[in-house]
Each structure stands twice: as C-alpha cells, then as structure tokens.
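S.K.: As input, take protein21.pdb (PDB, C-alpha atoms):
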```
ATOM      1  CA  MET A   1      25.431 -45.080-169.325  1.00  0.00           C
ATOM      2  CA  ASN A   2      29.051 -46.326-169.437  1.00  0.00           C
ATOM      3  CA  LEU A   3      30.038 -43.400-171.696  1.00  0.00           C
ATOM      4  CA  ARG A   4      28.568 -40.880-169.237  1.00  0.00           C
ATOM      5  CA  MET A   5      30.397 -42.447-166.299  1.00  0.00           C
ATOM      6  CA  THR A   6      33.685 -42.450-168.227  1.00  0.00           C
ATOM      7  CA  GLY A   7      33.225 -38.780-169.165  1.00  0.00           C
ATOM      8  CA  LEU A   8      32.307 -37.851-165.597  1.00  0.00           C
ATOM      9  CA  ALA A   9      35.301 -39.755-164.233  1.00  0.00           C
ATOM     10  CA  ALA A  10      37.606 -37.949-166.685  1.00  0.00           C
ATOM     11  CA  VAL A  11      36.257 -34.569-165.553  1.00  0.00           C
ATOM     12  CA  VAL A  12      36.748 -35.480-161.878  1.00  0.00           C
ATOM     13  CA  VAL A  13      40.316 -36.697-162.477  1.00  0.00           C
ATOM     14  CA  PHE A  14      41.185 -33.587-164.528  1.00  0.00           C
ATOM     15  CA  THR A  15      39.700 -31.310-161.850  1.00  0.00           C
ATOM     16  CA  ALA A  16      41.659 -33.100-159.122  1.00  0.00           C
ATOM     17  CA  LEU A  17      44.956 -32.937-161.037  1.00  0.00           C
ATOM     18  CA  LEU A  18      44.670 -29.276-162.057  1.00  0.00           C
ATOM     19  CA  PRO A  19      45.686 -27.851-158.628  1.00  0.00           C
ATOM     20  CA  LEU A  20      48.586 -30.299-158.479  1.00  0.00           C
ATOM     21  CA  ALA A  21      50.000 -28.902-161.722  1.00  0.00           C
ATOM     22  CA  GLY A  22      50.230 -25.460-160.117  1.00  0.00           C
ATOM     23  CA  ALA A  23      51.742 -26.841-156.910  1.00  0.00           C
ATOM     24  CA  SER A  24      55.102 -27.638-158.489  1.00  0.00           C
ATOM     25  CA  ALA A  25      58.125 -25.594-157.432  1.00  0.00           C
ATOM     26  CA  GLU A  26      57.732 -22.031-158.626  1.00  0.00           C
ATOM     27  CA  PRO A  27      60.555 -20.552-160.697  1.00  0.00           C
ATOM     28  CA  GLU A  28      62.034 -17.268-159.532  1.00  0.00           C
ATOM     29  CA  VAL A  29      60.833 -15.488-162.671  1.00  0.00           C
ATOM     30  CA  GLU A  30      57.551 -16.349-164.324  1.00  0.00           C
ATOM     31  CA  SER A  31      56.388 -15.322-167.759  1.00  0.00           C
ATOM     32  CA  ALA A  32      52.764 -15.213-168.762  1.00  0.00           C
ATOM     33  CA  PRO A  33      51.386 -15.240-172.304  1.00  0.00           C
ATOM     34  CA  ALA A  34      50.444 -11.841-173.664  1.00  0.00           C
ATOM     35  CA  PRO A  35      46.692 -11.277-173.587  1.00  0.00           C
ATOM     36  CA  GLU A  36      45.010  -8.996-176.066  1.00  0.00           C
ATOM     37  CA  PRO A  37      44.842  -5.705-174.162  1.00  0.00           C
ATOM     38  CA  ALA A  38      41.429  -4.075-174.316  1.00  0.00           C
ATOM     39  CA  PRO A  39      41.608  -0.375-175.157  1.00  0.00           C
ATOM     40  CA  THR A  40      40.814   1.495-171.975  1.00  0.00           C
ATOM     41  CA  PRO A  41      40.909   5.210-171.367  1.00  0.00           C
ATOM     42  CA  VAL A  42      43.903   6.275-169.311  1.00  0.00           C
ATOM     43  CA  PRO A  43      42.535   7.648-166.043  1.00  0.00           C
ATOM     44  CA  ALA A  44      43.574  11.166-165.077  1.00  0.00           C
ATOM     45  CA  ASP A  45      44.701   9.681-161.785  1.00  0.00           C
ATOM     46  CA  ALA A  46      45.039   5.908-161.713  1.00  0.00           C
ATOM     47  CA  LYS A  47      44.784   5.948-157.920  1.00  0.00           C
ATOM     48  CA  ALA A  48      41.191   7.091-158.293  1.00  0.00           C
ATOM     49  CA  ALA A  49      40.391   3.738-159.934  1.00  0.00           C
ATOM     50  CA  ALA A  50      41.027   1.939-156.622  1.00  0.00           C
ATOM     51  CA  ALA A  51      39.341   4.544-154.385  1.00  0.00           C
ATOM     52  CA  PRO A  52      35.698   3.147-154.372  1.00  0.00           C
ATOM     53  CA  VAL A  53      36.810  -0.411-153.426  1.00  0.00           C
ATOM     54  CA  PRO A  54      37.272  -0.863-149.626  1.00  0.00           C
ATOM     55  CA  ASP A  55      40.472  -2.952-149.374  1.00  0.00           C
ATOM     56  CA  ALA A  56      42.018  -1.793-152.652  1.00  0.00           C
ATOM     57  CA  SER A  57      45.084   0.354-153.124  1.00  0.00           C
ATOM     58  CA  ALA A  58      47.058   1.688-156.062  1.00  0.00           C
ATOM     59  CA  ARG A  59      50.609   2.989-155.906  1.00  0.00           C
ATOM     60  CA  CYS A  60      51.438   4.686-159.188  1.00  0.00           C
ATOM     61  CA  GLY A  61      54.439   6.457-160.553  1.00  0.00           C
ATOM     62  CA  PRO A  62      54.240   9.638-162.584  1.00  0.00           C
ATOM     63  CA  GLU A  63      52.736   9.814-166.063  1.00  0.00           C
ATOM     64  CA  LEU A  64      55.705   9.827-168.465  1.00  0.00           C
ATOM     65  CA  ARG A  65      56.108  10.674-172.158  1.00  0.00           C
ATOM     66  CA  SER A  66      59.077   9.853-174.388  1.00  0.00           C
ATOM     67  CA  PRO A  67      60.237  12.148-177.212  1.00  0.00           C
ATOM     68  CA  GLU A  68      59.323   9.307-179.623  1.00  0.00           C
ATOM     69  CA  GLY A  69      55.655   9.399-178.568  1.00  0.00           C
ATOM     70  CA  VAL A  70      55.177   6.635-175.989  1.00  0.00           C
ATOM     71  CA  GLU A  71      53.161   7.612-172.901  1.00  0.00           C
ATOM     72  CA  ALA A  72      52.817   5.419-169.805  1.00  0.00           C
ATOM     73  CA  GLN A  73      51.956   5.291-166.139  1.00  0.00           C
ATOM     74  CA  THR A  74      52.756   2.145-164.137  1.00  0.00           C
ATOM     75  CA  CYS A  75      51.068   1.046-160.905  1.00  0.00           C
ATOM     76  CA  VAL A  76      51.100  -1.668-158.259  1.00  0.00           C
ATOM     77  CA  LEU A  77      47.508  -2.599-157.406  1.00  0.00           C
ATOM     78  CA  THR A  78      46.179  -4.620-154.479  1.00  0.00           C
ATOM     79  CA  ARG A  79      42.671  -5.830-153.754  1.00  0.00           C
ATOM     80  CA  GLY A  80      41.239  -8.758-151.836  1.00  0.00           C
ATOM     81  CA  GLY A  81      44.612 -10.245-150.871  1.00  0.00           C
ATOM     82  CA  ARG A  82      45.858 -10.094-154.480  1.00  0.00           C
ATOM     83  CA  THR A  83      48.639  -7.939-155.948  1.00  0.00           C
ATOM     84  CA  TRP A  84      49.422  -7.177-159.596  1.00  0.00           C
ATOM     85  CA  ALA A  85      51.092  -4.605-161.836  1.00  0.00           C
ATOM     86  CA  ARG A  86      49.347  -2.528-164.469  1.00  0.00           C
ATOM     87  CA  THR A  87      50.637  -0.030-166.975  1.00  0.00           C
ATOM     88  CA  TYR A  88      48.383   2.432-168.754  1.00  0.00           C
ATOM     89  CA  TYR A  89      49.897   3.365-172.107  1.00  0.00           C
ATOM     90  CA  ARG A  90      49.437   5.174-175.398  1.00  0.00           C
ATOM     91  CA  ASN A  91      51.597   4.467-178.453  1.00  0.00           C
ATOM     92  CA  ALA A  92      51.773   7.612-180.593  1.00  0.00           C
ATOM     93  CA  THR A  93      54.963   6.522-182.415  1.00  0.00           C
ATOM     94  CA  GLY A  94      53.046   5.412-185.511  1.00  0.00           C
ATOM     95  CA  ALA A  95      54.788   2.002-185.381  1.00  0.00           C
ATOM     96  CA  GLU A  96      54.052  -1.279-183.626  1.00  0.00           C
ATOM     97  CA  LEU A  97      56.176  -1.773-180.503  1.00  0.00           C
ATOM     98  CA  ARG A  98      57.579  -5.288-180.453  1.00  0.00           C
ATOM     99  CA  SER A  99      59.104  -5.300-176.993  1.00  0.00           C
ATOM    100  CA  VAL A 100      56.997  -4.273-174.031  1.00  0.00           C
ATOM    101  CA  VAL A 101      57.820  -5.881-170.708  1.00  0.00           C
ATOM    102  CA  LEU A 102      55.882  -5.287-167.501  1.00  0.00           C
ATOM    103  CA  ALA A 103      57.550  -6.670-164.370  1.00  0.00           C
ATOM    104  CA  LEU A 104      56.187  -6.934-160.837  1.00  0.00           C
ATOM    105  CA  MET A 105      58.911  -7.386-158.233  1.00  0.00           C
ATOM    106  CA  GLY A 106      57.853  -8.464-154.768  1.00  0.00           C
ATOM    107  CA  PRO A 107      59.206  -9.617-151.436  1.00  0.00           C
ATOM    108  CA  ALA A 108      61.840 -12.382-151.280  1.00  0.00           C
ATOM    109  CA  GLY A 109      63.063 -11.713-154.833  1.00  0.00           C
ATOM    110  CA  ARG A 110      59.849 -12.891-156.487  1.00  0.00           C
ATOM    111  CA  THR A 111      59.320 -11.464-159.977  1.00  0.00           C
ATOM    112  CA  VAL A 112      56.484 -11.884-162.476  1.00  0.00           C
ATOM    113  CA  GLN A 113      56.950 -10.648-166.049  1.00  0.00           C
ATOM    114  CA  MET A 114      54.342 -10.007-168.724  1.00  0.00           C
ATOM    115  CA  TYR A 115      55.094  -9.388-172.390  1.00  0.00           C
ATOM    116  CA  CYS A 116      52.549  -7.176-174.121  1.00  0.00           C
ATOM    117  CA  ALA A 117      52.079  -6.309-177.777  1.00  0.00           C
ATOM    118  CA  LEU A 118      51.250  -2.721-178.695  1.00  0.00           C
ATOM    119  CA  GLY A 119      49.821  -1.997-182.104  1.00  0.00           C
ATOM    120  CA  ALA A 120      50.628   1.072-184.172  1.00  0.00           C
ATOM    121  CA  GLU A 121      47.284   2.763-183.484  1.00  0.00           C
ATOM    122  CA  ASP A 122      47.262   5.785-181.178  1.00  0.00           C
ATOM    123  CA  GLU A 123      44.700   4.446-178.685  1.00  0.00           C
ATOM    124  CA  PRO A 124      45.046   4.186-174.908  1.00  0.00           C
ATOM    125  CA  GLY A 125      45.486   0.692-173.559  1.00  0.00           C
ATOM    126  CA  VAL A 126      46.341  -1.397-170.525  1.00  0.00           C
ATOM    127  CA  CYS A 127      48.793  -4.215-169.865  1.00  0.00           C
ATOM    128  CA  GLU A 128      48.803  -6.073-166.563  1.00  0.00           C
ATOM    129  CA  THR A 129      50.437  -9.038-164.890  1.00  0.00           C
ATOM    130  CA  PRO A 130      48.361 -11.892-163.512  1.00  0.00           C
ATOM    131  CA  ARG A 131      46.883 -11.243-160.068  1.00  0.00           C
ATOM    132  CA  GLU A 132      48.788 -13.207-157.456  1.00  0.00           C
ATOM    133  CA  ARG A 133      48.280 -13.832-153.762  1.00  0.00           C
ATOM    134  CA  SER A 134      49.922 -10.975-151.842  1.00  0.00           C
ATOM    135  CA  ARG A 135      53.106 -12.056-150.089  1.00  0.00           C
ATOM    136  CA  GLY A 136      53.790  -8.936-148.093  1.00  0.00           C
ATOM    137  CA  LYS A 137      52.725  -5.339-147.733  1.00  0.00           C
ATOM    138  CA  ALA A 138      51.771  -3.342-150.830  1.00  0.00           C
ATOM    139  CA  GLY A 139      54.769  -1.056-150.260  1.00  0.00           C
ATOM    140  CA  GLU A 140      57.134  -4.017-150.710  1.00  0.00           C
ATOM    141  CA  TYR A 141      56.131  -4.363-154.391  1.00  0.00           C
ATOM    142  CA  VAL A 142      57.560  -2.396-157.321  1.00  0.00           C
ATOM    143  CA  ALA A 143      56.388  -2.451-160.938  1.00  0.00           C
ATOM    144  CA  VAL A 144      58.417  -1.403-163.987  1.00  0.00           C
ATOM    145  CA  SER A 145      57.418  -1.315-167.648  1.00  0.00           C
ATOM    146  CA  GLU A 146      59.854  -0.937-170.544  1.00  0.00           C
ATOM    147  CA  PHE A 147      58.892  -0.004-174.099  1.00  0.00           C
ATOM    148  CA  ALA A 148      61.143  -0.643-177.135  1.00  0.00           C
ATOM    149  CA  ALA A 149      60.583  -0.702-180.901  1.00  0.00           C
ATOM    150  CA  ALA A 150      62.158  -4.180-181.208  1.00  0.00           C
ATOM    151  CA  ALA A 151      63.529  -6.856-178.871  1.00  0.00           C
ATOM    152  CA  ASP A 152      67.071  -5.672-179.556  1.00  0.00           C
ATOM    153  CA  GLY A 153      66.125  -2.040-180.256  1.00  0.00           C
ATOM    154  CA  PRO A 154      66.767   0.995-178.090  1.00  0.00           C
ATOM    155  CA  LEU A 155      64.698   1.621-174.986  1.00  0.00           C
ATOM    156  CA  LEU A 156      61.993   4.219-175.741  1.00  0.00           C
ATOM    157  CA  LEU A 157      60.536   4.595-172.242  1.00  0.00           C
ATOM    158  CA  ARG A 158      60.832   3.073-168.761  1.00  0.00           C
ATOM    159  CA  SER A 159      57.970   3.709-166.350  1.00  0.00           C
ATOM    160  CA  GLY A 160      57.854   2.659-162.697  1.00  0.00           C
ATOM    161  CA  SER A 161      55.401   2.536-159.825  1.00  0.00           C
ATOM    162  CA  ASN A 162      57.680   4.641-157.654  1.00  0.00           C
ATOM    163  CA  SER A 163      56.426   8.100-156.807  1.00  0.00           C
ATOM    164  CA  ALA A 164      58.109  11.132-158.255  1.00  0.00           C
ATOM    165  CA  ALA A 165      60.842  12.404-155.959  1.00  0.00           C
ATOM    166  CA  PRO A 166      59.926  15.658-154.225  1.00  0.00           C
ATOM    167  CA  ALA A 167      61.662  18.717-155.616  1.00  0.00           C
ATOM    168  CA  PRO A 168      64.526  20.010-153.428  1.00  0.00           C
ATOM    169  CA  ARG A 169      63.809  23.290-151.644  1.00  0.00           C
TER     170      ARG A 169
END
```
Once more with this new file: its structure as structure tokens, please.
M.R.:
Amino acid sequence: MNLRMTGLAAVVVFTALLPLAGASAEPEVESAPAPEPAPTPVPADAKAAAAPVPDASARCGPELRSPEGVEAQTCVLTRGGRTWARTYYRNATGAELRSVVLALMGPAGRTVQMYCALGAEDEPGVCETPRERSRGKAGEYVAVSEFAAAADGPLLLRSGSNSAAPAPR
C-alpha cells in the first residue's frame, strides 16, 4: 500500500510541476528537436488542405524548384487558436540535405525554428514547427524554409509563405 501511495504522489507532483517548467521566461528564438517527417504527398494546392476545417486557414507561397533538384512550398497554417509553419518538400538532389531550417516569425518579434533532416530519397515529405497559441492575426505571421547541402554549404533553395507578387501590366 505504501509503495502505491508513493508512486501516486510522485505522479501528482510530476504532473503539477510540468506546467511550471513551461512557464519560465520564453527566449526570443526557440529551437525544437527534429521529428522524423512522415512522407506525405505534396498537395496540388496546400490551401485546399485547410478548406474543409471551419476555423482553419493556410497562407502559402508559390511552389518553387531549385536547379539542383529541391522542390518546396511553405505555408503558415492556423486552426483552433493555434498557428504553425509547414513546408512541403521533395529532395531530388540524390544526396542527403544536412541543413534544413523552417522558421515561423510572428508578432512582437517572436520566432520559432525547426531543424529538419531530409534523406537522399526522392519522396515528398513535410516539416513543420510546433503548433503554438496564436498571438495575432494569421496575416501577421511569415514562414521561411531554407535548404542547404551542409550547415556551411551554399543555399540551394529558400521558400516563403508570402504570395507570389502579381505580374506588372
């Protein structure tokens, strides 16, 4: 009986302290560990992915392709009071990309960065930042992803959530 009470007390204390760990002062730039991205087909129009959900929105930049073979489209997504960045990508370079950074920049200078690993296989994939409580309107957020062969290597592609500029008439 004593062992059960001790275990239960430990769980209660841990559960109570967990929110306090996240309540410390937030740094201006946060980095999250890179999750294993699940291969996902790149939608023809990423905005269509948010269309069936009532309070969801997606603001995506154009689909881009580098001469080296990297393809990407980057979006700012909102749903249920949460905002996050997502980049849809395909690595057709034939080599693993060691430096992929996805950044979500929001109101008041807040930035969240995610480092993603891209294997050498030519499969579509997704990288996204953690979903955070929205701190402004969706239009106040910008997402940018940068792809490079190595941390100190040349930039292969930069993709943003901004819309393509209209052609001059």
S.K.: Let me know the residues the PyMOL selection byres ((chain A and resi 82-93) around 6) catches in the file above, as number ranges by chain.
M.R.: A: 42, 68-81, 94-95, 104, 122-129, 131-134, 143
S.K.: One decimal, Å: what's the distance from CA of Ser66 in chain A over to CA of Arg158 in chain A, could you say?
M.R.: 9.0 Å
S.K.: So, counting only C-alpha atoms, which residue among A:Met114, A:Leu97, A:Ala120, A:Ala108 is closest to Ala148 in chain A?
M.R.: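 Closest to Ala148 in chain A of all the choices is A:Leu97.
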S.K.: List the neighbours of Ser159 in chain A out to 8 Å using only C-alpha atoms; skip same-chain residues closer than 2 positions along the sequence, and give me the result as a VMD selection string.
M.R.: chain A and resid 61 to 62 64 72 to 74 144 to 146 157 161
S.K.: How many Å lie between CA of Val142 in chain A and CA of Asp55 in chain A, rounded to one decimal?
M.R.: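 Pair CA of Val142 in chain A / CA of Asp55 in chain A returns 18.9 Å.
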S.K.: As a list in words, please: the residues near Pro107 in chain A (cut-off 12 Å, only C-alpha atoms, same-chain neighbours under 2 positions excluded).
M.R.: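 Answer for this query is Glu28, Thr83, Leu104, Met105, Gly109, Arg110, Thr111, Val112, Arg133, Ser134, Arg135, Gly136, Lys137, Ala138, Gly139, Glu140, Tyr141 and Val142 of chain A.
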S.K.: For the residues in that selection, give me C-alpha atoms as a PDB file, in the frame of the given file.
M.R.:
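Just written: result.pdb:
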```
ATOM      1  CA  GLU A  28      62.034 -17.268-159.532  1.00  0.00           C
ATOM      2  CA  THR A  83      48.639  -7.939-155.948  1.00  0.00           C
ATOM      3  CA  LEU A 104      56.187  -6.934-160.837  1.00  0.00           C
ATOM      4  CA  MET A 105      58.911  -7.386-158.233  1.00  0.00           C
ATOM      5  CA  GLY A 109      63.063 -11.713-154.833  1.00  0.00           C
ATOM      6  CA  ARG A 110      59.849 -12.891-156.487  1.00  0.00           C
ATOM      7  CA  THR A 111      59.320 -11.464-159.977  1.00  0.00           C
ATOM      8  CA  VAL A 112      56.484 -11.884-162.476  1.00  0.00           C
ATOM      9  CA  ARG A 133      48.280 -13.832-153.762  1.00  0.00           C
ATOM     10  CA  SER A 134      49.922 -10.975-151.842  1.00  0.00           C
ATOM     11  CA  ARG A 135      53.106 -12.056-150.089  1.00  0.00           C
ATOM     12  CA  GLY A 136      53.790  -8.936-148.093  1.00  0.00           C
ATOM     13  CA  LYS A 137      52.725  -5.339-147.733  1.00  0.00           C
ATOM     14  CA  ALA A 138      51.771  -3.342-150.830  1.00  0.00           C
ATOM     15  CA  GLY A 139      54.769  -1.056-150.260  1.00  0.00           C
ATOM     16  CA  GLU A 140      57.134  -4.017-150.710  1.00  0.00           C
ATOM     17  CA  TYR A 141      56.131  -4.363-154.391  1.00  0.00           C
ATOM     18  CA  VAL A 142      57.560  -2.396-157.321  1.00  0.00           C
TER      19      VAL A 142
END
```
S.K.: One decimal, Å: what's the distance from CA of Arg59 in chain A over to CA of Gln113 in chain A, could you say?
M.R.: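 Interatomic distance here is 18.1 Å.
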S.K.: Could you give me, as a PDB file with C-alpha atoms, in the frame of the given file, the residues that sit within 7 Å of (52.8, -5.7, -175.0) in the file's coordinates, counting all atoms listed in the file?
M.R.:
```pdb
ATOM      1  CA  ALA A  34      50.444 -11.841-173.664  1.00  0.00           C
ATOM      2  CA  SER A  99      59.104  -5.300-176.993  1.00  0.00           C
ATOM      3  CA  VAL A 100      56.997  -4.273-174.031  1.00  0.00           C
ATOM      4  CA  VAL A 101      57.820  -5.881-170.708  1.00  0.00           C
ATOM      5  CA  TYR A 115      55.094  -9.388-172.390  1.00  0.00           C
ATOM      6  CA  CYS A 116      52.549  -7.176-174.121  1.00  0.00           C
ATOM      7  CA  ALA A 117      52.079  -6.309-177.777  1.00  0.00           C
ATOM      8  CA  LEU A 118      51.250  -2.721-178.695  1.00  0.00           C
ATOM      9  CA  CYS A 127      48.793  -4.215-169.865  1.00  0.00           C
TER      10      CYS A 127
END
```
